[in-house]
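Reviewing the structure listed below.
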Amino acid sequence: MTSVAASQRLGLRPMVVAVALLFVAALASIVTGAADLPVRGVMLEMVGWLPFVDVDSGFTQLQQDVLWQLRVPRVVIGALVGAALSVAGAAYQGVFRNPLADPYLLGVAAGAGLGATLAIITGLATTLVLPGSAFAGALVAVLVTYGLAKLGGSGRTTATLVLAGVAVASFFTALQTYVQQTSSDTVREVFAWILGRLGTFGWSEVGLVVPFVFISSVVILAHRRHLDVLSVGEGEAAALGLDVGRVRILVVLAATLATAAAVAVAGLIGFVGIIVPHAIRLMTGASYRAILPLSLVGGAAFLVFADIAARTIVSPAELPIGVITAFVGAPFFAVILARTRTAG
Amino acid sequence: MSDLSARHVHAAYGDRVVLGDLSVDVASGGSLALIGPNGAGKSTLLRTVAGLVKYRGEIAVDGVELRSLSRSERARLIALVPQAPLFPAGMTVLDYVLLGRTPHISYWRTENADDVEVARRSIAALDLAELVDRSINTLSGGERQRAVLARAITQEPGVLLLDEPTTGLDLGHQQTFLELVEQIRHNQGTTVVSAVHDLTLAARYADEVVLLADGSAAASGPPAEVITEELVRRHYGADVRVLVTEGGPVVVPRIHTDHTTVSTHDPTK
């Protein structure tokens, strides 16, 4: 018998493809821009960065600064935000058993946006307050969305949760806009941020996101088996001995934390959490053991690619990256909606 | 190998009382069929024993009250084959059956080789070996129902609850399924409680029958004592002949040529 259980399948081939995609995306992103950085030099710089290796890339000081202080942190932050948003999307889809759940559609991102805006306009946007405030806003949003959907009655369907999410997102966005407009001295700063951007990042922003993305990813990945059990429904999962309430709380908290960290640095970037996990589902099947780790890496690659598009399409100007993800994501959403309908 | 005892059980969905002062006993390794009209509380009793419905009263397995058990302790004792199971699209039969190991795996861990081995044994026992890698939602009705049973026995329960397990299966698959259940009961000593609509099947496969009506036991005992023309008429509103055969009672509807003899009857009233 050659069959192997999901728990023992390594899913190595898709993972290799995803990592390769991320690598290509990172390299392409690094060499894209006004200052010319040849691929060969970049590779040599990377090699030289390894311990005990000393090579001469032939880069000038300016080129080195552009590489290490601008391009690389931008790629890293893009990859972290993409990873966080798509693994959060996959986690929400599993825990709410809803293919359309996504940090953006559930209103979580809007809640985080309001939290972050409040932190910015009050001038309290320190390293810990900004993500903390975004997390608080995001948590309130997801609780309200879930509560509203439950109020929607016993026939809680895919559509009910998304409708509740849309209502919550609109409400939080309205509040956020109000707060932003009433404090005119920071309006430009908030506005640039809210549209989603990855520019002007340095290593300090990277340091801000890394711990949150790391913790939430570990918690979400540790629940890959539970999300598979939950896919037979809450009742059956409970009869199988799963502590559904505990799984829901831990996974929702982790996914919300990941979303808040992403929103706190990069603003509102929609649809990543829906595009990436679904593309992976189409390729590898329904098991969260494959979907979650692949979403993490695939999401990172996707957002780095989206960032290249955002920087080149109207070059030398830059499009907000949220525009790119929405442009790809909205049609994708429509396709998934149609498939959900036909599947009953 | 466990005995099940329910004493004075009450359960309600909101204001609607579904089980009222119900008492049922099943001996270790026994087979009990729950019969009764729609809405009598058969499914609710099974779901209550499986821990999905809150109750007052006492339900004990081997003398241990279920409320004192954790979810996973309970799921190691009791497995439920639900009336309408959900089949996740794209999940393989092996992974589906492996879900039955859930109560045996501690929270932060995943399945080990022993768990996979138990799942494989269940798959082999239910004649699904050549389907292990197939996607569960591509199976036929009979195959799927066997996969659900495989998942349930992978829990290695003492008590197996079957909620109308043969509904939607043709005669051949009904027979295959029920014989597999009997085989499990004999080989592993598992206690079986099933909700059944087909009275002839209930009589054929169970040692004891409980007739539920309005959430309590209207009659109980060996099949021949409970499945009678009089009780079927009173509780189902059905006019039948019960033929006594060596294989137990056989229930046959009477045909009314004048279309007036059967009064409309609502057993929920």
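Residue numbering restarts at 1 in every chain; chains get A, B, ... in the order shown in the structure tokens, and ligands count up from 1 in that same order.
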Env of segment 20-36 of chain B: 8 Å cut, atoms = only C-alpha atoms, seq-sep filter 5 positions within chain, self excluded. Answer as a ChimeraX atom specification. /B:1-11,42,57,185-186,189-197,199,202,205-217,235-236
Give me a file of those residues, with N, CA and C atoms, as a short mmCIF file (atom, residue, chain, number, x, y, z; two decimals), in the first residue's frame.
```cif
data_model
loop_
_atom_site.label_atom_id
_atom_site.label_comp_id
_atom_site.auth_asym_id
_atom_site.auth_seq_id
_atom_site.Cartn_x
_atom_site.Cartn_y
_atom_site.Cartn_z
N MET B 1 -16.61 -2.41 24.96
CA MET B 1 -17.42 -3.18 25.91
C MET B 1 -17.84 -2.30 27.07
N SER B 2 -18.99 -1.71 26.89
CA SER B 2 -19.44 -0.78 27.93
C SER B 2 -20.95 -0.85 28.02
N ASP B 3 -21.47 -0.70 29.21
CA ASP B 3 -22.92 -0.58 29.29
C ASP B 3 -23.31 0.88 29.41
N LEU B 4 -24.50 1.15 28.89
CA LEU B 4 -24.99 2.52 28.85
C LEU B 4 -26.28 2.58 29.63
N SER B 5 -26.39 3.58 30.48
CA SER B 5 -27.60 3.72 31.26
C SER B 5 -28.03 5.18 31.30
N ALA B 6 -29.23 5.44 30.82
CA ALA B 6 -29.79 6.80 30.88
C ALA B 6 -30.96 6.78 31.85
N ARG B 7 -30.94 7.73 32.80
CA ARG B 7 -31.99 7.75 33.84
C ARG B 7 -32.64 9.13 33.89
N HIS B 8 -33.95 9.14 33.70
CA HIS B 8 -34.74 10.38 33.83
C HIS B 8 -34.11 11.53 33.06
N VAL B 9 -33.82 11.30 31.81
CA VAL B 9 -33.16 12.32 31.01
C VAL B 9 -34.18 13.30 30.43
N HIS B 10 -33.87 14.57 30.61
CA HIS B 10 -34.67 15.64 30.02
C HIS B 10 -33.77 16.47 29.12
N ALA B 11 -34.25 16.80 27.93
CA ALA B 11 -33.47 17.69 27.07
C ALA B 11 -34.43 18.56 26.27
N LYS B 42 -35.56 10.30 18.88
CA LYS B 42 -34.51 9.28 18.67
C LYS B 42 -33.14 9.93 18.43
N GLY B 57 -30.74 15.02 34.36
CA GLY B 57 -30.85 13.58 34.59
C GLY B 57 -29.47 12.95 34.57
N ARG B 185 -19.67 -5.57 16.47
CA ARG B 185 -20.21 -5.82 17.80
C ARG B 185 -19.70 -7.16 18.33
N HIS B 186 -19.71 -8.18 17.47
CA HIS B 186 -19.28 -9.50 17.94
C HIS B 186 -17.77 -9.56 18.15
N GLY B 189 -17.00 -6.46 20.85
CA GLY B 189 -17.88 -6.32 22.01
C GLY B 189 -18.45 -4.92 22.16
N THR B 190 -18.48 -4.17 21.06
CA THR B 190 -18.98 -2.80 21.11
C THR B 190 -20.50 -2.80 21.34
N THR B 191 -20.95 -1.93 22.22
CA THR B 191 -22.38 -1.76 22.45
C THR B 191 -22.94 -0.86 21.34
N VAL B 192 -24.08 -1.27 20.76
CA VAL B 192 -24.60 -0.52 19.61
C VAL B 192 -25.99 0.02 19.92
N VAL B 193 -26.17 1.33 19.72
CA VAL B 193 -27.49 1.93 19.86
C VAL B 193 -27.80 2.62 18.54
N SER B 194 -28.90 2.24 17.88
CA SER B 194 -29.19 2.89 16.61
C SER B 194 -30.62 3.38 16.54
N ALA B 195 -30.79 4.52 15.89
CA ALA B 195 -32.12 5.03 15.59
C ALA B 195 -32.49 4.46 14.23
N VAL B 196 -33.65 3.82 14.15
CA VAL B 196 -34.01 3.11 12.92
C VAL B 196 -35.44 3.45 12.52
N HIS B 197 -35.64 3.67 11.22
CA HIS B 197 -37.00 3.88 10.73
C HIS B 197 -37.66 2.59 10.27
N LEU B 199 -38.83 -0.80 10.60
CA LEU B 199 -39.12 -1.64 11.76
C LEU B 199 -38.68 -3.08 11.55
N ALA B 202 -35.05 -3.10 12.21
CA ALA B 202 -34.83 -2.94 13.65
C ALA B 202 -35.02 -4.28 14.35
N TYR B 205 -32.05 -6.89 13.51
CA TYR B 205 -30.67 -6.70 13.95
C TYR B 205 -30.51 -6.34 15.43
N ALA B 206 -31.58 -5.97 16.12
CA ALA B 206 -31.40 -5.55 17.52
C ALA B 206 -31.89 -6.62 18.48
N ASP B 207 -31.26 -6.70 19.68
CA ASP B 207 -31.80 -7.62 20.70
C ASP B 207 -32.94 -6.96 21.46
N GLU B 208 -32.85 -5.65 21.56
CA GLU B 208 -33.85 -4.91 22.33
C GLU B 208 -34.34 -3.75 21.50
N VAL B 209 -35.60 -3.39 21.70
CA VAL B 209 -36.15 -2.25 20.97
C VAL B 209 -36.81 -1.32 21.98
N VAL B 210 -36.57 -0.01 21.82
CA VAL B 210 -37.31 0.97 22.62
C VAL B 210 -38.13 1.82 21.67
N LEU B 211 -39.43 1.87 21.92
CA LEU B 211 -40.31 2.71 21.11
C LEU B 211 -40.43 4.06 21.79
N LEU B 212 -39.95 5.10 21.12
CA LEU B 212 -40.04 6.45 21.68
C LEU B 212 -41.28 7.14 21.13
N ALA B 213 -41.95 7.85 22.02
CA ALA B 213 -43.06 8.69 21.58
C ALA B 213 -43.03 9.94 22.44
N ASP B 214 -43.06 11.09 21.81
CA ASP B 214 -43.04 12.36 22.52
C ASP B 214 -41.93 12.45 23.57
N GLY B 215 -40.77 11.93 23.23
CA GLY B 215 -39.61 12.12 24.10
C GLY B 215 -39.52 11.19 25.28
N SER B 216 -40.41 10.20 25.37
CA SER B 216 -40.19 9.21 26.42
C SER B 216 -40.47 7.81 25.88
N ALA B 217 -40.10 6.81 26.66
CA ALA B 217 -40.21 5.44 26.18
C ALA B 217 -41.64 4.94 26.33
N HIS B 235 -48.77 4.64 17.66
CA HIS B 235 -47.70 5.65 17.67
C HIS B 235 -47.28 6.15 16.31
N TYR B 236 -47.44 5.35 15.29
CA TYR B 236 -47.07 5.81 13.95
C TYR B 236 -48.30 6.24 13.15
#
```
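Selected on chain B by distance to chain A: Ala50, Gly51, Leu52, Arg71, Ser72, Ala75, Leu80, Leu86, Phe87, Pro88, Ala89, Gly90, Met91, Leu94, Asp95, Leu99, Gly100, Thr102, Pro103, Trp108, Thr110, Glu111 and Asp133 of chain B (within 7 Å, counting only C-alpha atoms).
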Could you turn the residues from that selection into a file that holds N, CA and C atoms, as a PDB file, in the first residue's frame?
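Resulting contents of out_21.pdb:
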```
ATOM      1  N   ALA B  50     -23.971  11.608  22.785  1.00  0.00           N
ATOM      2  CA  ALA B  50     -22.698  11.967  22.150  1.00  0.00           C
ATOM      3  C   ALA B  50     -22.144  13.291  22.673  1.00  0.00           C
ATOM      4  N   GLY B  51     -22.899  13.957  23.546  1.00  0.00           N
ATOM      5  CA  GLY B  51     -22.386  15.178  24.162  1.00  0.00           C
ATOM      6  C   GLY B  51     -22.717  16.442  23.403  1.00  0.00           C
ATOM      7  N   LEU B  52     -23.673  16.370  22.476  1.00  0.00           N
ATOM      8  CA  LEU B  52     -23.969  17.549  21.651  1.00  0.00           C
ATOM      9  C   LEU B  52     -25.186  18.319  22.139  1.00  0.00           C
ATOM     10  N   ARG B  71     -14.319  16.296  26.955  1.00  0.00           N
ATOM     11  CA  ARG B  71     -14.747  15.977  25.598  1.00  0.00           C
ATOM     12  C   ARG B  71     -14.010  14.780  25.016  1.00  0.00           C
ATOM     13  N   SER B  72     -12.684  14.783  25.191  1.00  0.00           N
ATOM     14  CA  SER B  72     -11.936  13.694  24.548  1.00  0.00           C
ATOM     15  C   SER B  72     -12.124  12.380  25.304  1.00  0.00           C
ATOM     16  N   ALA B  75     -15.298  11.088  23.952  1.00  0.00           N
ATOM     17  CA  ALA B  75     -15.192  10.608  22.573  1.00  0.00           C
ATOM     18  C   ALA B  75     -14.365   9.329  22.465  1.00  0.00           C
ATOM     19  N   LEU B  80     -20.238   8.541  17.403  1.00  0.00           N
ATOM     20  CA  LEU B  80     -21.527   8.785  16.752  1.00  0.00           C
ATOM     21  C   LEU B  80     -21.372   8.738  15.235  1.00  0.00           C
ATOM     22  N   LEU B  86     -21.048  15.474   7.193  1.00  0.00           N
ATOM     23  CA  LEU B  86     -20.482  16.385   6.188  1.00  0.00           C
ATOM     24  C   LEU B  86     -19.216  15.749   5.628  1.00  0.00           C
ATOM     25  N   PHE B  87     -19.065  15.796   4.320  1.00  0.00           N
ATOM     26  CA  PHE B  87     -17.868  15.227   3.711  1.00  0.00           C
ATOM     27  C   PHE B  87     -17.052  16.342   3.076  1.00  0.00           C
ATOM     28  N   PRO B  88     -15.923  16.720   3.701  1.00  0.00           N
ATOM     29  CA  PRO B  88     -15.126  17.830   3.166  1.00  0.00           C
ATOM     30  C   PRO B  88     -14.595  17.485   1.769  1.00  0.00           C
ATOM     31  N   ALA B  89     -14.844  18.369   0.825  1.00  0.00           N
ATOM     32  CA  ALA B  89     -14.401  18.135  -0.542  1.00  0.00           C
ATOM     33  C   ALA B  89     -12.889  17.975  -0.584  1.00  0.00           C
ATOM     34  N   GLY B  90     -12.427  16.955  -1.272  1.00  0.00           N
ATOM     35  CA  GLY B  90     -10.988  16.798  -1.466  1.00  0.00           C
ATOM     36  C   GLY B  90     -10.265  16.041  -0.369  1.00  0.00           C
ATOM     37  N   MET B  91     -10.953  15.681   0.722  1.00  0.00           N
ATOM     38  CA  MET B  91     -10.280  14.948   1.792  1.00  0.00           C
ATOM     39  C   MET B  91     -10.223  13.453   1.412  1.00  0.00           C
ATOM     40  N   LEU B  94      -8.482   7.967   3.753  1.00  0.00           N
ATOM     41  CA  LEU B  94      -7.584   7.726   4.879  1.00  0.00           C
ATOM     42  C   LEU B  94      -7.598   8.898   5.864  1.00  0.00           C
ATOM     43  N   ASP B  95      -7.491  10.107   5.347  1.00  0.00           N
ATOM     44  CA  ASP B  95      -7.490  11.267   6.243  1.00  0.00           C
ATOM     45  C   ASP B  95      -8.826  11.407   6.966  1.00  0.00           C
ATOM     46  N   LEU B  99      -9.602  11.036  11.224  1.00  0.00           N
ATOM     47  CA  LEU B  99     -10.233  12.009  12.125  1.00  0.00           C
ATOM     48  C   LEU B  99     -10.742  11.318  13.389  1.00  0.00           C
ATOM     49  N   GLY B 100     -11.036  10.024  13.276  1.00  0.00           N
ATOM     50  CA  GLY B 100     -11.507   9.261  14.429  1.00  0.00           C
ATOM     51  C   GLY B 100     -10.472   9.162  15.539  1.00  0.00           C
ATOM     52  N   THR B 102      -8.940  11.691  16.722  1.00  0.00           N
ATOM     53  CA  THR B 102      -8.918  12.990  17.417  1.00  0.00           C
ATOM     54  C   THR B 102      -8.899  12.868  18.948  1.00  0.00           C
ATOM     55  N   PRO B 103      -9.795  12.078  19.558  1.00  0.00           N
ATOM     56  CA  PRO B 103      -9.792  12.058  21.026  1.00  0.00           C
ATOM     57  C   PRO B 103      -8.580  11.366  21.637  1.00  0.00           C
ATOM     58  N   TRP B 108      -1.675  19.576  21.365  1.00  0.00           N
ATOM     59  CA  TRP B 108      -0.644  20.184  20.524  1.00  0.00           C
ATOM     60  C   TRP B 108       0.098  19.184  19.653  1.00  0.00           C
ATOM     61  N   THR B 110       0.170  15.790  16.678  1.00  0.00           N
ATOM     62  CA  THR B 110      -0.525  15.245  15.497  1.00  0.00           C
ATOM     63  C   THR B 110      -0.448  13.720  15.540  1.00  0.00           C
ATOM     64  N   GLU B 111      -1.085  13.086  14.577  1.00  0.00           N
ATOM     65  CA  GLU B 111      -1.167  11.624  14.563  1.00  0.00           C
ATOM     66  C   GLU B 111       0.220  10.996  14.472  1.00  0.00           C
ATOM     67  N   ASP B 133      -7.063   6.260  -1.031  1.00  0.00           N
ATOM     68  CA  ASP B 133      -6.543   7.523  -1.575  1.00  0.00           C
ATOM     69  C   ASP B 133      -7.598   8.332  -2.317  1.00  0.00           C
TER      70      ASP B 133
END
```
Give the alpha helix (DSSP H) residues of segment 4-77 of chain A, as DSSP finds them on the backbone, and put them as an MDAnalysis selection string. chainID A and resid 12:31 39:49 61:65 72:77
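Non-sequential neighbours of Leu130 of chain A (distance at most 8 Å, separation of 6 or more positions within a chain, only C-alpha atoms) are Gly115, Ala116, Ala119, Ile120, Leu124 and Ala264 of chain A.
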Could the residues in this selection be saved with C-alpha atoms as a PDB file, in the first residue's frame?
```pdb
ATOM      1  CA  GLY A 115      -6.925  51.323  15.946  1.00  0.00           C
ATOM      2  CA  ALA A 116      -3.765  52.332  14.115  1.00  0.00           C
ATOM      3  CA  ALA A 119      -2.583  55.713  17.633  1.00  0.00           C
ATOM      4  CA  ILE A 120      -1.143  57.908  14.874  1.00  0.00           C
ATOM      5  CA  LEU A 124       1.277  57.665  20.539  1.00  0.00           C
ATOM      6  CA  ALA A 264      -0.045  48.447  11.379  1.00  0.00           C
TER       7      ALA A 264
END
```
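Nearest to Ala125 of chain B of all the residues B:Glu179, B:Asp239, B:Asp163, B:Asp170 is B:Glu179, counting only C-alpha atoms.
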Quick one, how far is atom CA of Arg248 of chain A from atom CA of Tyr146 of chain A? 11.4 Å
Using only C-alpha atoms, determine which residues lie at most 8 Å from Ala129 of chain B, disregarding the query and same-chain residues fewer than 4 positions distant; provide the list as a PyMOL selection string. chain B and resi 120+123-124
If you count only C-alpha atoms, which residues fall within 8 Å of Gly78 of chain A, apart from same-chain ones fewer than 5 positions away, as a compact mmCIF listing (two decimals) with N, CA and C atoms, in the first residue's frame?
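Saved as selection07.txt:
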```txt
# COMPACT_ATOMS: atom_id res chain seq x y z
N LEU A 198 4.22 50.03 0.88
CA LEU A 198 5.37 49.32 1.42
C LEU A 198 6.63 50.17 1.34
N ALA A 300 3.80 35.42 0.91
CA ALA A 300 4.98 36.27 0.89
C ALA A 300 5.38 36.55 -0.56
N LEU A 303 2.82 38.90 -2.45
CA LEU A 303 2.84 40.32 -2.15
C LEU A 303 4.11 41.00 -2.67
N VAL A 304 5.20 40.27 -2.70
CA VAL A 304 6.43 40.84 -3.26
C VAL A 304 6.23 41.09 -4.77
N ASP A 307 4.04 44.04 -5.23
CA ASP A 307 4.78 45.27 -4.97
C ASP A 307 5.60 45.69 -6.20
```
